[in-house]
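Working notes, beginning with the structure itself.
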Amino acid sequence: MSAHSTRTAAGALALGVALAGCTSGAADEPGGTAASPTPDPLAALAPCPEQPDRPAEGAETLPALDLPCPGGGSLDLGRAPGVPTVVNLWASWCGPCREELPLVQQLADAGADRLSVVGVISKDGAPQAGSFAADAGATFPSAFDGEGELMAELGLGALPYTYLLDADGGIAHVQVGPVADLAELEGLVAEHLGVTL
């Protein structure tokens with residue numbers, strides 16, 4: 001056998017071993033399925049909450065955009081949320097969001113059924129946003145607005161922005177820029193939405 005034949009045979013064997021290692025054990029189990037080759041980077045986000053079938057009302061409301069939620073469902077900003085709601089616009093490219101996103105998650109955890117907390121991933125890619133959310137420990141529902149349509153409608157050039165909406169969808173307060181800590185965020189919710197956490 002020549003040296004070239006030996007290298008070719010060794011290469012074929014190595015390729016076969018490498019390919020055999022590319023499957024998950026689940027496909028070999030009865031009833032199992034193979035792992036998805038491209039998992040959704042935003043799969044850890046919770047589904048967006050159900051909304052009543054009535055339009056948002058108030059002196060000022062958010063633009064009527066219906067955005068998909070990677071965790072399930074959609075966020076229709078043109079509909080009333082039904083409960084006091086905090087809408088946080090965030091993105092992986094937003095430096096101040098690195099500090100604020102974990103605080104928004106803490107607010108979502110504290111709010112339980114008295115307060116809805118949702119995010120809008122703005123002008124971002126799914127892989128970047130997914131990695132950013134994982135680093136921040138964020139799992140609260142977030143809609144995906146990769147093109148930044150909401151930011152454009154609102155005339156925003158920077159993030160974060162946080163909108164406090166009453167149960168009818170009226171804007172009760174707009175927080176421009178990040179909050180310093182959870183106490184500040186809870187204070188805004190108490191003052192403008194009447195929800196004490």
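Identifiers in the structure tokens: chain A, B, ... in order shown; residue index from 1 per chain; ligand index from 1 in order shown.
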In range 29-153 of chain A, DSSP helix (DSSP H, G or I) residues written as a ChimeraX atom specification: /A:97-111,126-136,149-153
With 8 Å as the cut-off and only C-alpha atoms counted, what is the closest atom pair between each nearby residue of range 77-177 of chain A and range 40-55 of chain A? Distances in Å to one decimal, ordered by chain and number, as JSON lines.
{"residue": "A:Gly78", "atom": "CA", "partner": "A:Pro55", "partner_atom": "CA", "distance": 5.8}
{"residue": "A:Arg79", "atom": "CA", "partner": "A:Pro55", "partner_atom": "CA", "distance": 4.2}
{"residue": "A:Ala80", "atom": "CA", "partner": "A:Pro55", "partner_atom": "CA", "distance": 5.5}
{"residue": "A:Pro81", "atom": "CA", "partner": "A:Gln51", "partner_atom": "CA", "distance": 5.2}
{"residue": "A:Gly82", "atom": "CA", "partner": "A:Pro52", "partner_atom": "CA", "distance": 6.1}
{"residue": "A:Ser116", "atom": "CA", "partner": "A:Pro49", "partner_atom": "CA", "distance": 7.9}
{"residue": "A:Val118", "atom": "CA", "partner": "A:Cys48", "partner_atom": "CA", "distance": 7.2}
{"residue": "A:Ala126", "atom": "CA", "partner": "A:Pro41", "partner_atom": "CA", "distance": 6.3}
{"residue": "A:Pro127", "atom": "CA", "partner": "A:Pro41", "partner_atom": "CA", "distance": 5.4}
{"residue": "A:Ala129", "atom": "CA", "partner": "A:Leu42", "partner_atom": "CA", "distance": 7.3}
{"residue": "A:Gly130", "atom": "CA", "partner": "A:Pro41", "partner_atom": "CA", "distance": 4.6}
{"residue": "A:Ser131", "atom": "CA", "partner": "A:Pro41", "partner_atom": "CA", "distance": 7.0}
{"residue": "A:Ala133", "atom": "CA", "partner": "A:Leu42", "partner_atom": "CA", "distance": 7.8}
{"residue": "A:Ala134", "atom": "CA", "partner": "A:Ala44", "partner_atom": "CA", "distance": 8.0}
{"residue": "A:Ala138", "atom": "CA", "partner": "A:Leu45", "partner_atom": "CA", "distance": 7.3}
{"residue": "A:Thr139", "atom": "CA", "partner": "A:Leu45", "partner_atom": "CA", "distance": 4.3}
{"residue": "A:Phe140", "atom": "CA", "partner": "A:Ala46", "partner_atom": "CA", "distance": 5.4}
{"residue": "A:Pro141", "atom": "CA", "partner": "A:Ala46", "partner_atom": "CA", "distance": 4.6}
{"residue": "A:Ser142", "atom": "CA", "partner": "A:Cys48", "partner_atom": "CA", "distance": 6.7}
{"residue": "A:Ala143", "atom": "CA", "partner": "A:Cys48", "partner_atom": "CA", "distance": 7.4}
Write out the residues from the selection above, keeping C-alpha atoms, as a compact mmCIF listing (two decimals), in the first residue's frame.
# COMPACT_ATOMS: atom_id res chain seq x y z
CA GLY A 78 -52.20 48.87 19.46
CA ARG A 79 -54.21 46.83 21.98
CA ALA A 80 -54.79 47.50 25.66
CA PRO A 81 -52.59 45.32 27.86
CA GLY A 82 -55.37 44.74 30.43
CA SER A 116 -46.81 42.87 33.24
CA VAL A 118 -42.36 43.02 28.43
CA ALA A 126 -31.47 37.23 17.11
CA PRO A 127 -28.07 35.61 17.89
CA ALA A 129 -29.90 39.48 21.43
CA GLY A 130 -30.07 35.85 22.57
CA SER A 131 -26.49 35.90 23.85
CA ALA A 133 -30.29 38.05 27.25
CA ALA A 134 -28.53 34.87 28.44
CA ALA A 138 -33.25 37.78 31.19
CA THR A 139 -36.19 35.48 30.47
CA PHE A 140 -39.10 37.95 30.67
CA PRO A 141 -41.26 38.14 27.51
CA SER A 142 -39.76 40.22 24.72
CA ALA A 143 -41.01 40.99 21.24
Name all residues at most 10 Å from Pro96 in chain A (count only C-alpha atoms; drop same-chain ones fewer than 6 positions away) and give them as number ranges by chain. A: 90, 159-160, 177-179
What does the file look like for those residues with all heavy atoms, as an mmCIF file, in the first residue's frame?
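Dumped to selection-v2.cif:
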data_model
loop_
_atom_site.group_PDB
_atom_site.id
_atom_site.type_symbol
_atom_site.label_atom_id
_atom_site.label_comp_id
_atom_site.auth_asym_id
_atom_site.auth_seq_id
_atom_site.Cartn_x
_atom_site.Cartn_y
_atom_site.Cartn_z
ATOM 1 N N TRP A 90 -34.812 47.346 24.439
ATOM 2 C CA TRP A 90 -33.415 46.982 24.701
ATOM 3 C C TRP A 90 -32.780 46.359 23.466
ATOM 4 O O TRP A 90 -33.470 45.966 22.533
ATOM 5 C CB TRP A 90 -33.307 46.058 25.911
ATOM 6 C CG TRP A 90 -33.979 44.718 25.787
ATOM 7 C CD1 TRP A 90 -35.282 44.423 26.079
ATOM 8 C CD2 TRP A 90 -33.380 43.480 25.360
ATOM 9 N NE1 TRP A 90 -35.528 43.080 25.865
ATOM 10 C CE2 TRP A 90 -34.388 42.481 25.420
ATOM 11 C CE3 TRP A 90 -32.104 43.124 24.940
ATOM 12 C CZ2 TRP A 90 -34.137 41.154 25.078
ATOM 13 C CZ3 TRP A 90 -31.852 41.800 24.591
ATOM 14 C CH2 TRP A 90 -32.865 40.829 24.673
ATOM 15 N N LEU A 159 -30.967 53.877 23.171
ATOM 16 C CA LEU A 159 -31.684 53.059 24.142
ATOM 17 C C LEU A 159 -30.916 53.089 25.457
ATOM 18 O O LEU A 159 -29.754 53.477 25.461
ATOM 19 C CB LEU A 159 -31.799 51.610 23.643
ATOM 20 C CG LEU A 159 -32.638 51.361 22.400
ATOM 21 C CD1 LEU A 159 -32.616 49.889 22.020
ATOM 22 C CD2 LEU A 159 -34.076 51.821 22.598
ATOM 23 N N PRO A 160 -31.511 52.658 26.555
ATOM 24 C CA PRO A 160 -32.862 52.114 26.716
ATOM 25 C C PRO A 160 -33.909 53.210 26.898
ATOM 26 O O PRO A 160 -33.609 54.312 27.343
ATOM 27 C CB PRO A 160 -32.738 51.279 27.995
ATOM 28 C CG PRO A 160 -31.711 52.011 28.809
ATOM 29 C CD PRO A 160 -30.733 52.569 27.803
ATOM 30 N N GLY A 177 -33.420 56.687 29.155
ATOM 31 C CA GLY A 177 -32.152 56.212 29.688
ATOM 32 C C GLY A 177 -32.370 55.188 30.787
ATOM 33 O O GLY A 177 -33.506 54.856 31.142
ATOM 34 N N PRO A 178 -31.254 54.669 31.307
ATOM 35 C CA PRO A 178 -31.351 53.579 32.278
ATOM 36 C C PRO A 178 -31.746 54.048 33.672
ATOM 37 O O PRO A 178 -31.557 55.205 34.028
ATOM 38 C CB PRO A 178 -29.929 53.007 32.299
ATOM 39 C CG PRO A 178 -29.062 54.183 31.984
ATOM 40 C CD PRO A 178 -29.856 55.017 31.006
ATOM 41 N N VAL A 179 -32.292 53.117 34.451
ATOM 42 C CA VAL A 179 -32.528 53.364 35.872
ATOM 43 C C VAL A 179 -31.281 52.894 36.628
ATOM 44 O O VAL A 179 -30.531 52.053 36.138
ATOM 45 C CB VAL A 179 -33.781 52.631 36.394
ATOM 46 C CG1 VAL A 179 -35.033 53.193 35.747
ATOM 47 C CG2 VAL A 179 -33.684 51.138 36.188
#
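Proximity ranking of A:Leu188, A:Ala136, A:Leu193, A:Leu67 relative to Cys97 in chain A places A:Ala136 first, based on only C-alpha atoms.
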Closest contacts (range 46-88 of chain A/range 144-147 of chain A, max 8 Å, only C-alpha atoms) as a tab-separated table:
residue	atom	partner	partner_atom	distance
A:Leu67	CA	A:Phe144	CA	6.2
A:Pro68	CA	A:Phe144	CA	5.8
A:Cys69	CA	A:Phe144	CA	5.8
A:Pro70	CA	A:Phe144	CA	6.9
To one decimal place in Å, what is the distance between CA of Glu100 in chain A and CA of Tyr163 in chain A?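 So the answer is 14.1 Å.
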Find the spatial neighbours of Leu197 in chain A, counting only C-alpha atoms, within a cut-off of 12 Å - ignore same-chain residues fewer than 3 positions away - and output them as a list in words.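 So, after excluding close chain neighbours, the residues are Gln106, Leu107, Ala108, Asp109, Ala110, Gly111, Ala112, Asp113, Arg114, Leu115, Leu182, Ala183, Glu184, Leu185, Glu186, Gly187, Leu188, Val189, Ala190, Glu191, Leu193 and Gly194 of chain A.
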Quick one: DSSP strand (DSSP E) residues in range 66-184 of chain A, as a short mmCIF file (atom, residue, chain, number, x, y, z; two decimals) with all heavy atoms, in the first residue's frame?
data_model
loop_
_atom_site.label_atom_id
_atom_site.label_comp_id
_atom_site.auth_asym_id
_atom_site.auth_seq_id
_atom_site.Cartn_x
_atom_site.Cartn_y
_atom_site.Cartn_z
N ASP A 66 -47.70 45.26 15.67
CA ASP A 66 -47.87 43.90 16.16
C ASP A 66 -46.55 43.18 15.91
O ASP A 66 -46.17 42.95 14.76
CB ASP A 66 -49.02 43.21 15.42
CG ASP A 66 -49.44 41.90 16.07
OD1 ASP A 66 -48.84 41.51 17.09
OD2 ASP A 66 -50.37 41.26 15.55
N LEU A 67 -45.83 42.87 16.98
CA LEU A 67 -44.48 42.30 16.88
C LEU A 67 -44.46 40.85 17.37
O LEU A 67 -45.08 40.54 18.39
CB LEU A 67 -43.50 43.14 17.71
CG LEU A 67 -43.42 44.62 17.34
CD1 LEU A 67 -42.62 45.38 18.39
CD2 LEU A 67 -42.80 44.79 15.96
N PRO A 68 -43.74 39.97 16.68
CA PRO A 68 -43.66 38.57 17.12
C PRO A 68 -42.80 38.43 18.38
O PRO A 68 -41.84 39.17 18.58
CB PRO A 68 -43.00 37.87 15.93
CG PRO A 68 -42.15 38.94 15.29
CD PRO A 68 -42.92 40.22 15.48
N SER A 74 -47.51 37.14 20.39
CA SER A 74 -47.08 38.41 19.81
C SER A 74 -47.43 39.53 20.78
O SER A 74 -48.22 39.35 21.70
CB SER A 74 -47.73 38.64 18.45
OG SER A 74 -49.12 38.81 18.59
N LEU A 75 -46.84 40.69 20.55
CA LEU A 75 -47.11 41.88 21.35
C LEU A 75 -47.74 42.90 20.42
O LEU A 75 -47.08 43.41 19.51
CB LEU A 75 -45.82 42.44 21.96
CG LEU A 75 -45.95 43.71 22.78
CD1 LEU A 75 -46.83 43.49 24.01
CD2 LEU A 75 -44.58 44.23 23.19
N ASP A 76 -49.03 43.16 20.62
CA ASP A 76 -49.75 44.13 19.80
C ASP A 76 -49.83 45.43 20.58
O ASP A 76 -50.64 45.56 21.50
CB ASP A 76 -51.15 43.59 19.46
CG ASP A 76 -51.89 44.46 18.47
OD1 ASP A 76 -51.50 45.63 18.26
OD2 ASP A 76 -52.88 43.97 17.90
N THR A 85 -48.52 47.87 32.73
CA THR A 85 -47.45 47.21 31.97
C THR A 85 -46.23 48.11 31.83
O THR A 85 -46.35 49.31 31.59
CB THR A 85 -47.98 46.82 30.57
OG1 THR A 85 -49.07 45.92 30.73
CG2 THR A 85 -46.91 46.17 29.72
N VAL A 86 -45.06 47.48 31.96
CA VAL A 86 -43.79 48.14 31.70
C VAL A 86 -43.24 47.57 30.40
O VAL A 86 -43.10 46.36 30.25
CB VAL A 86 -42.79 47.89 32.86
CG1 VAL A 86 -41.42 48.46 32.53
CG2 VAL A 86 -43.33 48.47 34.16
N VAL A 87 -42.97 48.47 29.44
CA VAL A 87 -42.40 48.06 28.14
C VAL A 87 -40.99 48.64 28.06
O VAL A 87 -40.82 49.86 28.00
CB VAL A 87 -43.26 48.58 26.96
CG1 VAL A 87 -42.64 48.15 25.63
CG2 VAL A 87 -44.69 48.08 27.07
N ASN A 88 -40.00 47.75 28.05
CA ASN A 88 -38.59 48.16 28.02
C ASN A 88 -38.00 47.86 26.65
O ASN A 88 -38.00 46.72 26.20
CB ASN A 88 -37.82 47.41 29.12
CG ASN A 88 -36.34 47.76 29.13
OD1 ASN A 88 -35.52 47.01 28.64
ND2 ASN A 88 -36.01 48.90 29.69
N LEU A 89 -37.49 48.89 25.97
CA LEU A 89 -36.82 48.71 24.68
C LEU A 89 -35.34 48.46 24.96
O LEU A 89 -34.69 49.28 25.64
CB LEU A 89 -36.99 49.94 23.80
CG LEU A 89 -38.30 50.07 23.03
CD1 LEU A 89 -39.48 50.24 23.98
CD2 LEU A 89 -38.24 51.23 22.06
N TRP A 90 -34.81 47.35 24.44
CA TRP A 90 -33.42 46.98 24.70
C TRP A 90 -32.78 46.36 23.47
O TRP A 90 -33.47 45.97 22.53
CB TRP A 90 -33.31 46.06 25.91
CG TRP A 90 -33.98 44.72 25.79
CD1 TRP A 90 -35.28 44.42 26.08
CD2 TRP A 90 -33.38 43.48 25.36
NE1 TRP A 90 -35.53 43.08 25.86
CE2 TRP A 90 -34.39 42.48 25.42
CE3 TRP A 90 -32.10 43.12 24.94
CZ2 TRP A 90 -34.14 41.15 25.08
CZ3 TRP A 90 -31.85 41.80 24.59
CH2 TRP A 90 -32.86 40.83 24.67
N SER A 116 -47.38 43.56 34.39
CA SER A 116 -46.81 42.87 33.24
C SER A 116 -45.53 43.61 32.84
O SER A 116 -45.50 44.84 32.79
CB SER A 116 -47.80 42.87 32.08
OG SER A 116 -47.25 42.24 30.95
N VAL A 117 -44.48 42.86 32.57
CA VAL A 117 -43.21 43.44 32.11
C VAL A 117 -42.86 42.74 30.79
O VAL A 117 -42.75 41.52 30.74
CB VAL A 117 -42.09 43.23 33.14
CG1 VAL A 117 -40.76 43.77 32.61
CG2 VAL A 117 -42.44 43.90 34.46
N VAL A 118 -42.73 43.54 29.74
CA VAL A 118 -42.36 43.02 28.43
C VAL A 118 -41.24 43.87 27.85
O VAL A 118 -41.11 45.05 28.16
CB VAL A 118 -43.56 42.97 27.45
CG1 VAL A 118 -44.62 42.00 27.91
CG2 VAL A 118 -44.14 44.35 27.21
N GLY A 119 -40.44 43.24 27.02
CA GLY A 119 -39.37 43.95 26.34
C GLY A 119 -39.64 44.03 24.85
O GLY A 119 -40.48 43.30 24.32
N VAL A 120 -38.93 44.93 24.20
CA VAL A 120 -38.92 44.98 22.74
C VAL A 120 -37.45 45.01 22.32
O VAL A 120 -36.74 45.97 22.61
CB VAL A 120 -39.67 46.21 22.19
CG1 VAL A 120 -39.56 46.25 20.66
CG2 VAL A 120 -41.13 46.20 22.61
N ILE A 121 -37.01 43.92 21.71
CA ILE A 121 -35.64 43.82 21.21
C ILE A 121 -35.59 44.68 19.95
O ILE A 121 -36.28 44.41 18.98
CB ILE A 121 -35.28 42.36 20.89
CG1 ILE A 121 -35.48 41.49 22.13
CG2 ILE A 121 -33.85 42.26 20.36
CD1 ILE A 121 -35.54 40.01 21.85
N SER A 122 -34.78 45.74 19.99
CA SER A 122 -34.85 46.78 18.97
C SER A 122 -33.58 46.88 18.12
O SER A 122 -32.48 46.98 18.67
CB SER A 122 -35.10 48.13 19.64
OG SER A 122 -36.25 48.05 20.46
N SER A 142 -40.25 39.12 25.57
CA SER A 142 -39.76 40.22 24.72
C SER A 142 -40.19 39.98 23.29
O SER A 142 -40.08 38.86 22.78
CB SER A 142 -38.24 40.33 24.80
OG SER A 142 -37.83 40.81 26.06
N ALA A 143 -40.67 41.04 22.65
CA ALA A 143 -41.01 40.99 21.24
C ALA A 143 -39.76 41.30 20.43
O ALA A 143 -38.83 41.94 20.93
CB ALA A 143 -42.11 42.00 20.93
N PHE A 144 -39.74 40.83 19.19
CA PHE A 144 -38.56 41.04 18.34
C PHE A 144 -38.88 42.05 17.25
O PHE A 144 -39.77 41.87 16.44
CB PHE A 144 -38.11 39.71 17.72
CG PHE A 144 -36.79 39.81 17.03
CD1 PHE A 144 -35.62 39.88 17.77
CD2 PHE A 144 -36.71 39.84 15.65
CE1 PHE A 144 -34.39 39.99 17.14
CE2 PHE A 144 -35.48 39.95 15.02
CZ PHE A 144 -34.32 40.02 15.76
N ASP A 145 -38.11 43.16 17.27
CA ASP A 145 -38.25 44.24 16.29
C ASP A 145 -36.87 44.48 15.68
O ASP A 145 -36.25 45.51 15.92
CB ASP A 145 -38.81 45.48 16.98
CG ASP A 145 -39.07 46.65 16.02
OD1 ASP A 145 -39.10 46.42 14.79
OD2 ASP A 145 -39.23 47.78 16.51
N TYR A 161 -35.14 52.86 26.56
CA TYR A 161 -36.32 53.65 26.84
C TYR A 161 -37.29 52.69 27.52
O TYR A 161 -37.41 51.53 27.11
CB TYR A 161 -36.98 54.18 25.57
CG TYR A 161 -36.52 55.57 25.17
CD1 TYR A 161 -35.27 55.77 24.63
CD2 TYR A 161 -37.34 56.67 25.36
CE1 TYR A 161 -34.84 57.03 24.25
CE2 TYR A 161 -36.92 57.94 24.99
CZ TYR A 161 -35.67 58.11 24.43
OH TYR A 161 -35.25 59.36 24.07
N THR A 162 -37.99 53.18 28.53
CA THR A 162 -38.97 52.35 29.22
C THR A 162 -40.29 53.11 29.29
O THR A 162 -40.33 54.26 29.73
CB THR A 162 -38.48 51.98 30.64
OG1 THR A 162 -37.21 51.33 30.52
CG2 THR A 162 -39.46 51.05 31.34
N TYR A 163 -41.35 52.46 28.82
CA TYR A 163 -42.69 53.05 28.81
C TYR A 163 -43.54 52.36 29.86
O TYR A 163 -43.63 51.14 29.89
CB TYR A 163 -43.32 52.89 27.42
CG TYR A 163 -42.62 53.73 26.37
CD1 TYR A 163 -41.47 53.27 25.75
CD2 TYR A 163 -43.10 54.99 26.04
CE1 TYR A 163 -40.80 54.06 24.82
CE2 TYR A 163 -42.44 55.78 25.10
CZ TYR A 163 -41.29 55.30 24.50
OH TYR A 163 -40.64 56.09 23.58
N LEU A 164 -44.17 53.17 30.72
CA LEU A 164 -45.09 52.65 31.72
C LEU A 164 -46.51 52.90 31.20
O LEU A 164 -46.89 54.06 30.96
CB LEU A 164 -44.88 53.33 33.07
CG LEU A 164 -43.75 52.77 33.94
CD1 LEU A 164 -42.39 52.88 33.28
CD2 LEU A 164 -43.73 53.45 35.29
N LEU A 165 -47.24 51.82 30.98
CA LEU A 165 -48.59 51.90 30.42
C LEU A 165 -49.63 51.52 31.45
O LEU A 165 -49.44 50.56 32.20
CB LEU A 165 -48.73 50.94 29.23
CG LEU A 165 -47.68 51.00 28.13
CD1 LEU A 165 -47.99 49.95 27.06
CD2 LEU A 165 -47.60 52.39 27.51
N ILE A 171 -49.98 55.87 27.91
CA ILE A 171 -48.62 56.07 28.44
C ILE A 171 -48.70 56.93 29.69
O ILE A 171 -49.10 58.09 29.63
CB ILE A 171 -47.69 56.72 27.39
CG1 ILE A 171 -47.55 55.82 26.16
CG2 ILE A 171 -46.33 57.03 28.00
CD1 ILE A 171 -46.79 56.44 24.99
N ALA A 172 -48.32 56.34 30.84
CA ALA A 172 -48.35 57.05 32.11
C ALA A 172 -47.01 57.73 32.40
O ALA A 172 -46.96 58.74 33.10
CB ALA A 172 -48.69 56.08 33.24
N HIS A 173 -45.92 57.17 31.85
CA HIS A 173 -44.59 57.74 32.08
C HIS A 173 -43.61 57.16 31.06
O HIS A 173 -43.74 56.00 30.66
CB HIS A 173 -44.10 57.40 33.51
CG HIS A 173 -42.73 57.90 33.81
ND1 HIS A 173 -42.44 59.23 34.02
CD2 HIS A 173 -41.54 57.24 33.91
CE1 HIS A 173 -41.14 59.37 34.27
NE2 HIS A 173 -40.58 58.17 34.20
N VAL A 174 -42.63 57.98 30.68
CA VAL A 174 -41.54 57.52 29.82
C VAL A 174 -40.23 57.75 30.56
O VAL A 174 -39.92 58.87 30.96
CB VAL A 174 -41.51 58.30 28.48
CG1 VAL A 174 -40.36 57.79 27.61
CG2 VAL A 174 -42.83 58.18 27.74
N GLN A 175 -39.48 56.66 30.77
CA GLN A 175 -38.16 56.74 31.39
C GLN A 175 -37.13 56.78 30.26
O GLN A 175 -36.97 55.81 29.53
CB GLN A 175 -37.91 55.53 32.30
CG GLN A 175 -36.52 55.45 32.88
CD GLN A 175 -36.19 56.60 33.81
OE1 GLN A 175 -37.06 57.12 34.50
NE2 GLN A 175 -34.94 57.00 33.84
N VAL A 176 -36.45 57.91 30.14
CA VAL A 176 -35.42 58.06 29.12
C VAL A 176 -34.09 57.67 29.74
O VAL A 176 -33.68 58.22 30.76
CB VAL A 176 -35.36 59.52 28.62
CG1 VAL A 176 -34.26 59.69 27.58
CG2 VAL A 176 -36.71 59.95 28.06
#
Please determine, counting only C-alpha atoms, which residue among A:Met151, A:Val83, A:Ala91, A:Val104 has the shortest atom-to-atom distance to Pro63 in chain A.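 Closest to Pro63 in chain A, using only C-alpha atoms: A:Met151.
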Given only C-alpha atoms as the basis, pick out the residue of A:Glu149, A:Glu57, A:Glu99, A:Asp135 nearest to Ala167 in chain A.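 Using only C-alpha atoms, Ala167 in chain A sits closest to A:Glu57.
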